[in-house]
Amino acid sequence: MSVSDFTPQPVLRDDIFNGQGAVVSGAGSGIGRAIALRLCALGMAVTGFGRREDALKETADLAADMPGSFDFEALNVRDTEALDAAMARSGDRHGINLLVNNAGGQFFAPATKISRKGWDSVLDLNLSAVFSATKSAYPYLKAAQGAVVNISLSGIDRGSMGLAHSVAARAGVLGLTRTLALEWAGDGIRLNCLGPGTVVTAGLSDEAARQMLDSLVAATPMGRTTSVEEVAELTAFLASPAGALMTGQLIQIDGAAHLGPGLHMIDGGSNE
Ligand SMILES: CCCCC/C=C/C(=O)SCCNC(=O)CCNC(=O)[C@H](O)C(C)(C)COP(=O)(O)OP(=O)(O)OC[C@H]1O[C@@H](n2cnc3c(N)ncnc32)[C@H](O)[C@@H]1OP(=O)(O)O
Ligand SMILES: NC(=O)C1=CN([C@@H]2O[C@H](COP(=O)(O)OP(=O)(O)OC[C@H]3O[C@@H](n4cnc5c(N)ncnc54)[C@H](OP(=O)(O)O)[C@@H]3O)[C@@H](O)[C@H]2O)C=CC1
C-alpha cells in the first residue's frame, strides 16, 4: 500500500468546455495545476491565481498546446482588493463558467500550539478568501449560470488531529457552500465542495508530513492516496452538464478515509 497508482481515465468529451471560462486559484502547483490543465484540455479558457509568478508560468507552458488557454495573475488571495480586480479582469476577458477555490493550506499543530495569529491566518486563507472570491465572481457566474468547486479536506465533519484551524475553516466553507447553493439556486449557480484524502503534492512534502504518509495510507480503507488527476476529473465533471443538478454537496474523494479511523496530521501526543 502506498501512494496513488491511479491511471487517468478521461471520461468527458474533449470539447465539452469550448467557449467557456474558468478561474482556478492555486493553479501554479499540485491539485490546482492539475485542475487547470484538465480544464484547458477540455477547451476552457482558464485564469490561474497564485502568489508565485514562476509557478504559474510553468502551468502556462504546460498548457501551451492545449485546445483551451491559460492566463494568470500573480496575487495573494488574502488581498481582497487585488482579488476583486483580477476576478473582474478574468470575467471580462472570457466569462466565469467555473470558479475553483483551491488555494489553501495550513501548518500542522495541536490546538494548544496554535496562536491567535496563526488561527487568523489559516481562517483568512481557507475561509474568508473563499468568501471574497466567490462573491466577486457572482455577477459572472450568474451570467454564465456557472458552478463553484471548493477544494476542501476529507473528514471535516469528524475532525482531524493537528488541523483544528483548517478543519474549522473548511467546515465554514461547507456552510457557505450550502447557504449559497440555496441563495443562488434561482440564478442557476451551483456550488459544491470536494474533499480529497491524502494527495502527495509539494504541500505535503515537509518532513513532518512525509513521516505521516504511511499512517495516512494505512488509515485509508482503499489503501492508496488520492491523485491530482482524480480531483481534476471530478472537478470537471461537476462543472459539466453531467453535474447539472448537483449542488450543496461535499464529495469526499478519499478511498473511504472519512469512514475509517480518520486522517490525522499529528499523532495524539502531549498538548503541553
Ligand atoms: C486530509 C488529511 C490530509 C490533509 C493534508 C493537507 C495538505 C495540504 O493542505 S497541502 C497544502 C499545502 N500548503 C501548505 O499548507 C503550506 C501553506 N501554509 C501557509 O502558507 C501557512 O501555514 C499560513 C497559512 C499560516 C500562512 O500564513 P502567514 O500569515 O503567512 O503565516 P506567518 O508565517 O505570518 O505565521 C502566522 C502565525 O502562524 C504561526 N505558525 C506558523 N507555523 C506554525 C507552526 N508550525 N506551529 C505553530 N504556529 C505556527 C506563526 O508563528 C504565526 O503566529 P505568531 O507566532 O503568533 O506570530
Ligand atoms: N495535499 C493534500 O493531501 C491535500 C490538499 N488539500 C487542499 O488542496 C488545496 C491544494 O493543495 P495542494 O495542491 O496539495 O498543495 P500546494 O501547496 O501545491 O497548493 C497550494 C496552492 O495554493 C496557492 N496559495 C497558497 N496560499 C495562497 C495565497 N495566499 N494566495 C494565492 N495563492 C495561494 C499556492 O500558490 P503560491 O504558493 O504560488 O501562492 C499553491 O499553488 C489546498 O487547499 C489544500 O489544503 C486537501 C486535501 C488533501
# chains A, B, ... in the order shown; residues from 1 in each chain; ligands from 1
call {"tool": "residues_around", "arguments": {"residues": "Glu207 (chain A)", "least_positions_apart": "5", "cutoff": "12 Å", "atoms": "only C-alpha atoms", "output": "JSON, numbers by chain"}}
result
{"A": [108, 202, 212, 213, 265]}
call {"tool": "write_last_selection", "arguments": {"atoms": "N, CA and C atoms", "output": "PDB file, in the first residue's frame"}}
result
ATOM      1  N   PHE A 108       0.679  22.160  10.529  1.00  0.00           N
ATOM      2  CA  PHE A 108       0.141  21.071  11.343  1.00  0.00           C
ATOM      3  C   PHE A 108       0.586  21.276  12.788  1.00  0.00           C
ATOM      4  N   ALA A 202       3.527  19.045  -3.401  1.00  0.00           N
ATOM      5  CA  ALA A 202       4.556  19.827  -2.695  1.00  0.00           C
ATOM      6  C   ALA A 202       4.053  20.249  -1.323  1.00  0.00           C
ATOM      7  N   MET A 212       4.253  11.140   8.214  1.00  0.00           N
ATOM      8  CA  MET A 212       2.879  10.701   8.477  1.00  0.00           C
ATOM      9  C   MET A 212       2.308   9.873   7.324  1.00  0.00           C
ATOM     10  N   LEU A 213       3.005   9.855   6.174  1.00  0.00           N
ATOM     11  CA  LEU A 213       2.395   9.293   4.964  1.00  0.00           C
ATOM     12  C   LEU A 213       1.951   7.831   5.130  1.00  0.00           C
ATOM     13  N   MET A 265      -2.898  14.566  11.034  1.00  0.00           N
ATOM     14  CA  MET A 265      -1.601  15.088  10.623  1.00  0.00           C
ATOM     15  C   MET A 265      -0.590  15.123  11.757  1.00  0.00           C
TER      16      MET A 265
END
call {"tool": "select_by_dssp", "arguments": {"residues": "region 6-239 of chain A", "states": "strand (DSSP E)", "output": "ChimeraX atom specification"}}
result
/A:21-25,45-50,69-74,98-101,147-151,190-196
call {"tool": "residues_around", "arguments": {"residues": "region 151-167 of chain A", "least_positions_apart": "6", "cutoff": "7 Å", "atoms": "only C-alpha atoms", "output": "short mmCIF file (atom, residue, chain, number, x, y, z; two decimals) with C-alpha atoms, in the first residue's frame"}}
result
data_model
loop_
_atom_site.label_atom_id
_atom_site.label_comp_id
_atom_site.auth_asym_id
_atom_site.auth_seq_id
_atom_site.Cartn_x
_atom_site.Cartn_y
_atom_site.Cartn_z
CA ASN A 101 -11.32 27.86 -4.91
CA ASN A 102 -8.30 25.63 -4.45
CA GLN A 106 -2.09 25.45 6.92
CA PHE A 108 0.14 21.07 11.34
CA ALA A 109 -0.02 21.67 15.10
CA PRO A 110 -2.10 20.67 18.12
CA ALA A 111 -4.65 23.33 19.04
CA TRP A 119 -5.57 30.76 13.68
CA VAL A 122 -5.47 29.97 8.35
CA LEU A 123 -9.09 31.16 8.62
CA CYS A 193 -17.08 21.01 -2.11
CA LEU A 194 -14.59 18.29 -2.99
CA GLY A 195 -12.78 16.69 -0.07
CA PRO A 196 -9.59 14.91 -1.17
CA GLY A 197 -7.90 12.47 1.19
CA GLN A 252 -15.14 13.09 -0.47
CA ASP A 254 -10.59 9.72 -0.35
CA HIS A 258 -13.57 9.56 6.18
CA GLY A 262 -9.55 9.27 10.26
CA LEU A 263 -6.61 11.15 8.75
CA HIS A 264 -4.52 12.81 11.44
CA MET A 265 -1.60 15.09 10.62
CA ILE A 266 -0.07 14.58 14.07
#
call {"tool": "closest_atom_pairs", "arguments": {"of": "region 16-47 of chain A", "to": "region 64-69 of chain A", "cutoff": "10 Å", "atoms": "only C-alpha atoms", "output": "JSON lines"}}
result
{"residue": "A:Phe17", "atom": "CA", "partner": "A:Gly68", "partner_atom": "CA", "distance": 8.5}
{"residue": "A:Asn18", "atom": "CA", "partner": "A:Gly68", "partner_atom": "CA", "distance": 7.3}
{"residue": "A:Gly19", "atom": "CA", "partner": "A:Gly68", "partner_atom": "CA", "distance": 8.5}
{"residue": "A:Gln20", "atom": "CA", "partner": "A:Gly68", "partner_atom": "CA", "distance": 9.0}
{"residue": "A:Gly21", "atom": "CA", "partner": "A:Gly68", "partner_atom": "CA", "distance": 9.2}
{"residue": "A:Ala36", "atom": "CA", "partner": "A:Ser69", "partner_atom": "CA", "distance": 9.5}
{"residue": "A:Leu37", "atom": "CA", "partner": "A:Met66", "partner_atom": "CA", "distance": 8.3}
{"residue": "A:Arg38", "atom": "CA", "partner": "A:Met66", "partner_atom": "CA", "distance": 9.4}
{"residue": "A:Leu39", "atom": "CA", "partner": "A:Gly68", "partner_atom": "CA", "distance": 7.5}
{"residue": "A:Cys40", "atom": "CA", "partner": "A:Gly68", "partner_atom": "CA", "distance": 4.3}
{"residue": "A:Ala41", "atom": "CA", "partner": "A:Met66", "partner_atom": "CA", "distance": 5.4}
{"residue": "A:Leu42", "atom": "CA", "partner": "A:Gly68", "partner_atom": "CA", "distance": 6.8}
{"residue": "A:Gly43", "atom": "CA", "partner": "A:Gly68", "partner_atom": "CA", "distance": 4.0}
{"residue": "A:Met44", "atom": "CA", "partner": "A:Gly68", "partner_atom": "CA", "distance": 4.6}
{"residue": "A:Ala45", "atom": "CA", "partner": "A:Ser69", "partner_atom": "CA", "distance": 4.6}
{"residue": "A:Val46", "atom": "CA", "partner": "A:Ser69", "partner_atom": "CA", "distance": 6.0}
{"residue": "A:Thr47", "atom": "CA", "partner": "A:Ser69", "partner_atom": "CA", "distance": 8.3}
call {"tool": "residues_near_ligand", "arguments": {"ligand": "ligand 2", "cutoff": "6 Å", "atoms": "only C-alpha atoms and all ligand atoms", "output": "ChimeraX atom specification"}}
result
/A:26-32,50-52,75-78,102-105,125,151-153,196-204
call {"tool": "write_last_selection", "arguments": {"atoms": "C-alpha atoms", "output": "PDB file, in the first residue's frame"}}
result
ATOM      1  CA  GLY A  26      -3.508  27.950  -6.582  1.00  0.00           C
ATOM      2  CA  ALA A  27      -3.035  26.953 -10.235  1.00  0.00           C
ATOM      3  CA  GLY A  28       0.762  27.032 -10.072  1.00  0.00           C
ATOM      4  CA  SER A  29       1.156  23.681  -8.331  1.00  0.00           C
ATOM      5  CA  GLY A  30      -0.337  20.408  -7.175  1.00  0.00           C
ATOM      6  CA  ILE A  31      -4.088  19.961  -7.318  1.00  0.00           C
ATOM      7  CA  GLY A  32      -4.769  23.433  -8.751  1.00  0.00           C
ATOM      8  CA  GLY A  50      -1.362  32.273  -7.074  1.00  0.00           C
ATOM      9  CA  ARG A  51       1.432  34.236  -5.430  1.00  0.00           C
ATOM     10  CA  ARG A  52       4.387  32.746  -7.370  1.00  0.00           C
ATOM     11  CA  LEU A  75      -1.702  37.733  -6.418  1.00  0.00           C
ATOM     12  CA  ASN A  76      -2.388  36.855  -2.810  1.00  0.00           C
ATOM     13  CA  VAL A  77      -5.997  35.689  -2.447  1.00  0.00           C
ATOM     14  CA  ARG A  78      -5.965  37.222   1.036  1.00  0.00           C
ATOM     15  CA  ASN A 102      -8.301  25.632  -4.452  1.00  0.00           C
ATOM     16  CA  ALA A 103      -5.632  27.904  -2.937  1.00  0.00           C
ATOM     17  CA  GLY A 104      -5.251  26.921   0.668  1.00  0.00           C
ATOM     18  CA  GLY A 105      -3.013  25.468   3.273  1.00  0.00           C
ATOM     19  CA  LEU A 125      -6.758  31.937   3.654  1.00  0.00           C
ATOM     20  CA  ILE A 151     -11.396  22.215  -2.611  1.00  0.00           C
ATOM     21  CA  SER A 152     -11.798  21.090   0.979  1.00  0.00           C
ATOM     22  CA  LEU A 153     -10.431  18.195   3.066  1.00  0.00           C
ATOM     23  CA  PRO A 196      -9.595  14.910  -1.168  1.00  0.00           C
ATOM     24  CA  GLY A 197      -7.901  12.469   1.187  1.00  0.00           C
ATOM     25  CA  THR A 198      -4.103  12.464   1.242  1.00  0.00           C
ATOM     26  CA  VAL A 199      -2.653  13.835  -2.010  1.00  0.00           C
ATOM     27  CA  VAL A 200       1.098  13.692  -2.467  1.00  0.00           C
ATOM     28  CA  THR A 201       1.936  17.228  -3.624  1.00  0.00           C
ATOM     29  CA  ALA A 202       4.556  19.827  -2.695  1.00  0.00           C
ATOM     30  CA  GLY A 203       2.155  20.896   0.039  1.00  0.00           C
ATOM     31  CA  LEU A 204       2.705  17.566   1.775  1.00  0.00           C
TER      32      LEU A 204
END
call {"tool": "residues_around", "arguments": {"residues": "Val148 (chain A)", "least_positions_apart": "5", "cutoff": "8 Å", "atoms": "only C-alpha atoms", "output": "list in words"}}
result
Leu98, Leu99, Val100, Asn101, Thr134, Ile189, Arg190, Leu191, Asn192 and Ala239 of chain A
call {"tool": "select_by_dssp", "arguments": {"residues": "region 21-251 of chain A", "states": "alpha helix (DSSP H)", "output": "PyMOL selection string"}}
result
chain A and resi 30-41+53-63+80-94+116-123+129-144+164-183+207-218+228-239
call {"tool": "residues_around", "arguments": {"residues": "region 136-141 of chain A", "least_positions_apart": "3", "cutoff": "6 Å", "atoms": "only C-alpha atoms", "output": "PyMOL selection string"}}
result
chain A and resi 84+91+95-97+133+144-146
call {"tool": "write_last_selection", "arguments": {"atoms": "N, CA and C atoms", "output": "compact mmCIF listing (two decimals), in the first residue's frame"}}
result
# COMPACT_ATOMS: atom_id res chain seq x y z
N ASP A 84 -10.50 41.06 -6.15
CA ASP A 84 -11.68 41.60 -6.85
C ASP A 84 -11.30 42.10 -8.24
N GLY A 91 -13.17 37.78 -15.65
CA GLY A 91 -14.58 37.67 -16.06
C GLY A 91 -14.86 38.46 -17.33
N GLY A 95 -15.41 35.44 -19.33
CA GLY A 95 -16.52 34.93 -18.53
C GLY A 95 -16.02 33.95 -17.47
N ILE A 96 -16.92 33.67 -16.52
CA ILE A 96 -16.57 32.67 -15.49
C ILE A 96 -17.70 31.65 -15.40
N ASN A 97 -17.51 30.55 -16.11
CA ASN A 97 -18.45 29.43 -16.01
C ASN A 97 -18.12 28.56 -14.79
N ALA A 133 -13.62 35.57 -2.97
CA ALA A 133 -13.51 35.17 -4.38
C ALA A 133 -14.88 34.83 -4.95
N ALA A 144 -23.30 33.30 -16.55
CA ALA A 144 -22.99 32.02 -17.22
C ALA A 144 -23.80 30.86 -16.66
N GLN A 145 -24.60 31.10 -15.63
CA GLN A 145 -25.24 30.01 -14.89
C GLN A 145 -24.16 28.97 -14.54
N GLY A 146 -23.13 29.47 -13.88
CA GLY A 146 -21.92 28.69 -13.68
C GLY A 146 -21.89 27.88 -12.39
call {"tool": "atom_distance", "arguments": {"atom1": "CA of Gly118 (chain A)", "atom2": "atom 19 (C, counted along the ligand's line) of ligand 1"}}
result
9.5 Å
call {"tool": "atom_distance", "arguments": {"atom1": "CA of Phe49 (chain A)", "atom2": "CA of Gly186 (chain A)"}}
result
28.4 Å
call {"tool": "residues_around", "arguments": {"residues": "Thr220 (chain A)", "least_positions_apart": "2", "cutoff": "7 Å", "atoms": "only C-alpha atoms", "output": "list of chain:residue names"}}
result
A:Leu216, A:Val217, A:Ala218, A:Met222, A:Gly223, A:Arg224, A:Gly255, A:Ala256, A:Ala257, A:Gly260
call {"tool": "atom_distance", "arguments": {"atom1": "CA of Leu83 (chain A)", "atom2": "atom 13 (N, counted along the ligand's line) of ligand 1"}}
result
19.5 Å
